[in-house]
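*Asks:* For reference, the file final.txt (compact mmCIF, C-alpha atoms and all ligand atoms) is included below:
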# COMPACT_ATOMS: atom_id res chain seq x y z
CA MET V 1 -4.45 26.46 -23.77
CA ASP V 2 -6.78 24.18 -21.87
CA SER V 3 -6.56 20.42 -22.10
CA PHE V 4 -9.66 20.19 -24.30
CA LEU V 5 -8.17 22.39 -27.05
CA LEU V 6 -4.74 20.80 -26.68
CA TYR V 7 -6.17 17.31 -27.11
CA LYS V 8 -8.22 18.33 -30.13
CA GLU V 9 -5.25 19.99 -31.75
CA ARG V 10 -2.89 17.11 -31.07
CA TYR V 11 -5.20 14.51 -32.56
CA CYS V 12 -6.67 16.81 -35.25
CA MET V 13 -10.19 16.22 -34.01
CA GLY V 14 -13.26 18.27 -34.71
CA ASN V 15 -15.73 18.95 -31.93
CA GLN V 16 -17.91 16.04 -32.99
CA ASP V 17 -15.00 13.56 -33.13
CA TYR V 18 -13.88 14.68 -29.71
CA SER V 19 -17.39 14.25 -28.28
CA VAL V 20 -17.62 10.72 -29.72
CA PHE V 21 -14.19 9.91 -28.32
CA MET V 22 -15.17 11.17 -24.85
CA ASP V 23 -18.49 9.27 -24.98
CA CYS V 24 -16.62 6.04 -25.75
CA ALA V 25 -14.05 6.69 -23.04
CA ALA V 26 -16.77 7.39 -20.48
CA LYS V 27 -18.73 4.31 -21.55
CA THR V 28 -15.65 2.11 -21.26
CA MET V 29 -14.87 3.51 -17.82
CA LEU V 30 -18.44 2.97 -16.58
CA GLU V 31 -18.43 -0.60 -17.90
CA GLN V 32 -15.21 -1.28 -16.01
CA ILE V 33 -16.93 -0.41 -12.75
CA GLY V 34 -20.02 -2.45 -13.56
CA LEU V 35 -22.40 0.30 -14.70
CA THR V 36 -24.16 0.15 -18.05
CA GLU V 37 -25.51 3.10 -20.00
CA ALA V 38 -28.99 2.05 -18.86
CA ASP V 39 -27.91 2.08 -15.19
CA VAL V 40 -26.62 5.63 -15.57
CA ALA V 41 -29.76 6.73 -17.42
CA ALA V 42 -31.90 5.21 -14.66
CA MET V 43 -30.15 7.23 -11.95
CA SER V 44 -32.53 9.87 -10.63
CA ASN V 45 -29.57 11.87 -9.30
CA TYR V 46 -26.20 11.32 -10.95
CA SER V 47 -23.61 11.41 -8.20
CA ILE V 48 -20.04 12.18 -9.22
CA LYS V 49 -18.99 11.17 -5.69
CA LYS V 50 -20.63 7.75 -6.03
CA VAL V 51 -19.14 7.08 -9.49
CA TYR V 52 -15.72 8.30 -8.36
CA GLY V 53 -15.97 5.97 -5.35
CA LEU V 54 -16.79 3.04 -7.62
CA CYS V 55 -13.88 3.88 -9.97
CA ARG V 56 -11.43 4.24 -7.12
CA GLY V 57 -12.54 1.16 -5.20
CA GLU V 58 -12.82 0.72 -1.46
CA PHE V 59 -9.72 1.14 0.69
CA GLN V 60 -9.24 0.99 4.40
CA LYS V 61 -8.91 4.50 5.80
CA ILE V 62 -5.55 5.33 7.34
CA PRO V 63 -6.20 5.96 11.05
CA TRP V 64 -3.80 8.91 11.34
CA ARG V 65 -5.06 10.71 8.22
CA ARG V 66 -6.62 13.54 10.24
CA LEU V 67 -3.26 14.36 11.82
CA ILE V 68 -1.97 15.26 8.36
CA CYS V 69 -5.02 16.32 6.36
CA ASN V 70 -6.55 18.61 8.99
CA ASN V 71 -3.28 20.09 10.11
CA ALA V 72 -2.60 23.81 9.63
CA GLY V 73 1.13 23.39 10.25
CA LEU V 74 3.74 24.29 7.66
CA PRO V 75 3.94 21.92 4.68
CA LYS V 76 7.54 20.97 5.55
CA TRP V 77 6.37 20.01 9.08
CA LEU V 78 3.62 17.84 7.61
CA PHE V 79 6.00 16.12 5.23
CA ILE V 80 8.34 15.13 8.06
CA LEU V 81 5.36 14.11 10.24
CA LEU V 82 4.09 11.93 7.39
CA LEU V 83 7.47 10.19 7.16
CA ALA V 84 7.59 9.80 10.95
CA LEU V 85 4.09 8.27 11.06
CA GLN V 86 5.22 5.74 8.46
CA ARG V 87 8.52 5.23 10.32
CA ARG V 88 10.39 6.24 7.19
CA LEU V 89 12.68 8.94 8.55
CA GLN V 90 16.27 8.32 7.51
CA ILE V 91 17.74 7.18 10.80
CA LYS V 92 19.91 4.18 11.55
CA GLU V 93 16.91 1.98 12.36
CA ARG V 94 15.61 2.44 8.80
CA ILE V 95 18.95 2.52 7.01
CA ALA V 96 19.78 -0.84 8.64
CA CYS V 97 16.96 -2.39 6.59
CA TRP V 98 19.10 -2.20 3.45
CA ALA V 99 22.64 -1.46 4.63
CA ASN V 100 24.90 -3.23 7.02
CA ILE V 101 25.38 -0.87 9.95
CA LYS V 102 27.61 -2.21 12.69
CA ASP V 103 27.11 0.64 15.12
CA MET V 104 23.43 1.36 15.85
CA GLU V 105 24.24 3.76 18.65
CA CYS V 106 22.60 7.19 18.60
CA VAL V 107 25.09 9.76 17.29
CA LEU V 108 23.56 12.51 19.44
CA CYS V 109 23.84 10.98 22.89
CA SER V 110 25.61 7.61 22.40
CA LYS V 111 23.37 6.09 25.05
CA GLU V 112 20.85 4.00 23.12
CA ASN V 113 20.14 2.66 19.66
CA GLU V 114 19.08 5.22 17.09
CA ASP V 115 15.44 4.52 16.35
CA ILE V 116 12.43 6.76 15.88
CA ASP V 117 11.23 6.35 19.47
CA HIS V 118 14.59 7.39 20.80
CA ILE V 119 15.16 10.32 18.41
CA LEU V 120 11.68 11.80 18.78
CA PHE V 121 10.77 10.90 22.37
CA GLU V 122 13.07 8.96 24.60
CA ARG V 123 16.20 11.10 24.60
CA GLU V 124 16.34 13.69 27.33
CA TYR V 125 16.20 16.75 25.07
CA ALA V 126 13.12 15.45 23.24
CA LYS V 127 11.38 14.66 26.53
CA GLN V 128 11.94 18.23 27.69
CA VAL V 129 10.59 19.67 24.44
CA TRP V 130 7.41 17.56 24.56
CA SER V 131 6.95 18.18 28.24
CA LYS V 132 7.10 21.97 27.73
CA LEU V 133 4.81 21.83 24.71
CA LEU V 134 2.24 19.80 26.66
CA PHE V 135 2.48 22.18 29.63
CA TRP V 136 2.07 25.19 27.33
CA GLN V 137 -1.10 23.63 25.91
CA GLY V 138 -2.49 22.88 29.37
CA ILE V 139 -2.35 19.11 28.86
CA HIS V 140 -1.33 17.30 32.01
CA ARG V 141 0.02 13.90 31.14
CA ASP V 142 3.41 12.27 31.06
CA VAL V 143 5.53 12.22 27.94
CA SER V 144 5.35 8.64 26.79
CA ASN V 145 6.63 7.14 23.58
CA TRP V 146 6.06 7.83 19.90
CA GLN V 147 3.38 5.18 19.38
CA HIS V 148 1.44 6.28 22.46
CA LYS V 149 1.59 9.92 21.39
CA VAL V 150 0.27 9.09 17.91
CA THR V 151 -2.51 6.90 19.35
CA TRP V 152 -3.46 9.62 21.83
CA ALA V 153 -3.49 12.23 19.05
CA MET V 154 -5.66 10.03 16.81
CA GLU V 155 -8.21 9.63 19.60
CA ASN V 156 -8.13 13.06 21.21
CA ALA V 157 -6.93 15.55 18.62
CA LYS V 158 -8.91 14.82 15.49
CA GLY V 159 -11.60 17.46 15.96
CA LYS V 160 -11.96 21.01 14.75
CA ASN V 161 -11.76 22.99 17.96
CA ALA V 162 -8.82 25.30 18.60
CA GLU V 163 -7.12 23.10 21.23
CA GLN V 164 -7.15 20.04 18.99
CA GLU V 165 -5.98 22.04 16.00
CA LEU V 166 -3.15 23.46 18.10
CA TYR V 167 -2.19 19.99 19.32
CA ARG V 168 -1.87 18.71 15.76
CA MET V 169 0.27 21.71 14.80
CA THR V 170 2.57 21.33 17.81
CA LEU V 171 2.90 17.62 17.06
CA ALA V 172 3.99 18.38 13.49
CA GLY V 173 6.22 21.31 14.51
CA GLY V 174 7.78 19.36 17.37
CA VAL V 175 8.59 16.36 15.18
CA TYR V 176 10.06 18.61 12.48
CA HIS V 177 12.32 20.55 14.82
CA LEU V 178 13.44 17.51 16.78
CA TRP V 179 14.21 15.80 13.51
ZN ZN V 201 20.38 9.66 21.55
Translate the structure described by the file into C-alpha cells.
*Replies:*
Amino acid sequence: MDSFLLYKERYCMGNQDYSVFMDCAAKTMLEQIGLTEADVAAMSNYSIKKVYGLCRGEFQKIPWRRLICNNAGLPKWLFILLLALQRRLQIKERIACWANIKDMECVLCSKENEDIDHILFEREYAKQVWSKLLFWQGIHRDVSNWQHKVTWAMENAKGKNAEQELYRMTLAGGVYHLW
C-alpha cells in the first residue's frame, strides 16, 4: 500500500480531507521558507530544485564529496573511506579521545604511535601498497601522507575520465584493505 492510501486509512480521511490537509502542509512549509501563495503563483516556472534548496538551506560543500559520491568502488570500501576522511576509524588515536590509553604504540609494527597517517600511509607495508598502486596506474609521484593524498585526489581525481575514476576506486580499495 502506498503512503497516500496508508495515510488516508490511518486518519480516516476522504480524498477531499486529504487534499486540504496537504494544501495546508504545503502552505505552512512554503511560509517557513519565506514564500507566500502569491509568490508561488507568480512563478513562471515552478522549480522543485529551487524550493528544495530553500527548504534545506545553504551549506558549505564538503571538499572531498566527489571522492565518495562519484566513486564506483564497493559500498564497504566507500564506508571505510568515509570514516577515514573524517578521521573516525577506530584506532588508538581516536579511542584516546574518550578512553585513557597508556600505550599509543602501533600494535602492528611497534615503531610509532597508532594514528591514521601511520596505519594508512607511513608504515612500510602501506607505503609499498600505495607505491605499487600508483605505479600500476602510471602515476609517478612519491607516496606522501594521508592528508596530501586526499588533497591531491580532491584536485586531480574528481573528474569523469577513466583514469580519475580508477584513482578514486583504488584509493577506496586501498584504504579498505589496509584498514
Ligand atoms: Zn605500525
*Asks:* Per residue of chain V within 6 Å of ligand ZN 201 (chain V), what are the shortest atom pair and its distance in Å to one decimal, counting all atoms listed in the file, with rows by chain and residue number, as CSV?
*Replies:*
residue,atom,partner,partner_atom,distance
V:Cys106,CA,V:ZN201,ZN,4.4
V:Leu108,CA,V:ZN201,ZN,4.8
V:Cys109,CA,V:ZN201,ZN,3.9
V:Ser110,CA,V:ZN201,ZN,5.7
V:Lys111,CA,V:ZN201,ZN,5.8
V:Glu112,CA,V:ZN201,ZN,5.9
V:Arg123,CA,V:ZN201,ZN,5.4
*Asks:* Could those residues be written to a file, using C-alpha atoms, as an mmCIF file, in the frame of the given file?
*Replies:*
data_model
loop_
_atom_site.group_PDB
_atom_site.id
_atom_site.type_symbol
_atom_site.label_atom_id
_atom_site.label_comp_id
_atom_site.auth_asym_id
_atom_site.auth_seq_id
_atom_site.Cartn_x
_atom_site.Cartn_y
_atom_site.Cartn_z
ATOM 1 C CA CYS V 106 22.600 7.190 18.600
ATOM 2 C CA LEU V 108 23.560 12.510 19.440
ATOM 3 C CA CYS V 109 23.840 10.980 22.890
ATOM 4 C CA SER V 110 25.610 7.610 22.400
ATOM 5 C CA LYS V 111 23.370 6.090 25.050
ATOM 6 C CA GLU V 112 20.850 4.000 23.120
ATOM 7 C CA ARG V 123 16.200 11.100 24.600
#
*Asks:* Would you list the contacts of range 55-62 of chain V as an MDAnalysis selection string, taking every protein, DNA or RNA residue within 9 Å and counting all atoms listed in the file, but skipping same-chain residues closer than 2 positions in sequence?
*Replies:* chainID V and resid 29:30 32:33 50:53 64:66
*Asks:* Pick the closest to Trp146 in chain V from V:Ala172, V:Leu133, V:Leu85, V:Ile101: which is it, counting all atoms listed in the file?
*Replies:* V:Leu85
*Asks:* Write out, as a Markdown table, each residue of range 30-98 of chain V that has an atom at most 10 Å from range 149-170 of chain V, together with the closest pair of atoms and their distance in Å to one decimal, counting all atoms listed in the file, rows going by chain and rising number.
*Replies:*
| residue | atom | partner | partner_atom | distance |
| --- | --- | --- | --- | --- |
| V:Pro63 | CA | V:Met154 | CA | 7.1 |
| V:Trp64 | CA | V:Met154 | CA | 5.9 |
| V:Arg65 | CA | V:Met154 | CA | 8.6 |
| V:Arg66 | CA | V:Lys158 | CA | 5.9 |
| V:Leu67 | CA | V:Arg168 | CA | 6.0 |
| V:Ile68 | CA | V:Arg168 | CA | 8.2 |
| V:Asn70 | CA | V:Glu165 | CA | 7.8 |
| V:Asn71 | CA | V:Arg168 | CA | 6.0 |
| V:Ala72 | CA | V:Met169 | CA | 6.3 |
| V:Gly73 | CA | V:Met169 | CA | 4.9 |
| V:Leu74 | CA | V:Met169 | CA | 8.3 |
| V:Trp77 | CA | V:Met169 | CA | 8.5 |
| V:Leu78 | CA | V:Met169 | CA | 8.8 |
| V:Leu85 | CA | V:Val150 | CA | 7.9 |
*Asks:* If you measure from CA of Trp179 in chain V to CA of Cys69 in chain V, what distance in Å do you get, rounded to one decimal?
*Replies:*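 Computing the Euclidean distance for CA of Trp179 in chain V and CA of Cys69 in chain V yields 20.5 Å.
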*Asks:* Just to confirm, what's the straight-line distance from CA of Lys49 in chain V to CA of Ala25 in chain V in Å (one decimal)?
*Replies:* 18.6 Å
*Asks:* Within 12 Å of (19.2, 3.3, 10.6), in the coordinates the file gives, what residues turn up when you count all atoms listed in the file, written out as number ranges by chain?
*Replies:* V: 87-107, 113-116, 118-119
*Asks:* Give me the box for range 55-74 of chain V as lines of an AutoDock Vina configuration file, namely the centre and edge lengths in Å to one decimal of a box along x, y and z that holds every listed atom plus 6 Å on each side.
*Replies:*
center_x = -5.1
center_y = 12.5
center_z = 0.9
size_x = 29.6
size_y = 35.6
size_z = 33.8
*Asks:* Would you compute the distance between CA of Gly174 in chain V and CA of Leu81 in chain V? Give it in Å to one decimal.
*Replies:*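 Straight-line distance from CA of Gly174 in chain V to CA of Leu81 in chain V works out to 9.2 Å.
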*Asks:* Restricting the calculation to all atoms listed in the file: of V:Ala84, V:Leu178, V:Ser44, V:Gly173, which residue gets closest to Gln128 in chain V?
*Replies:* V:Leu178
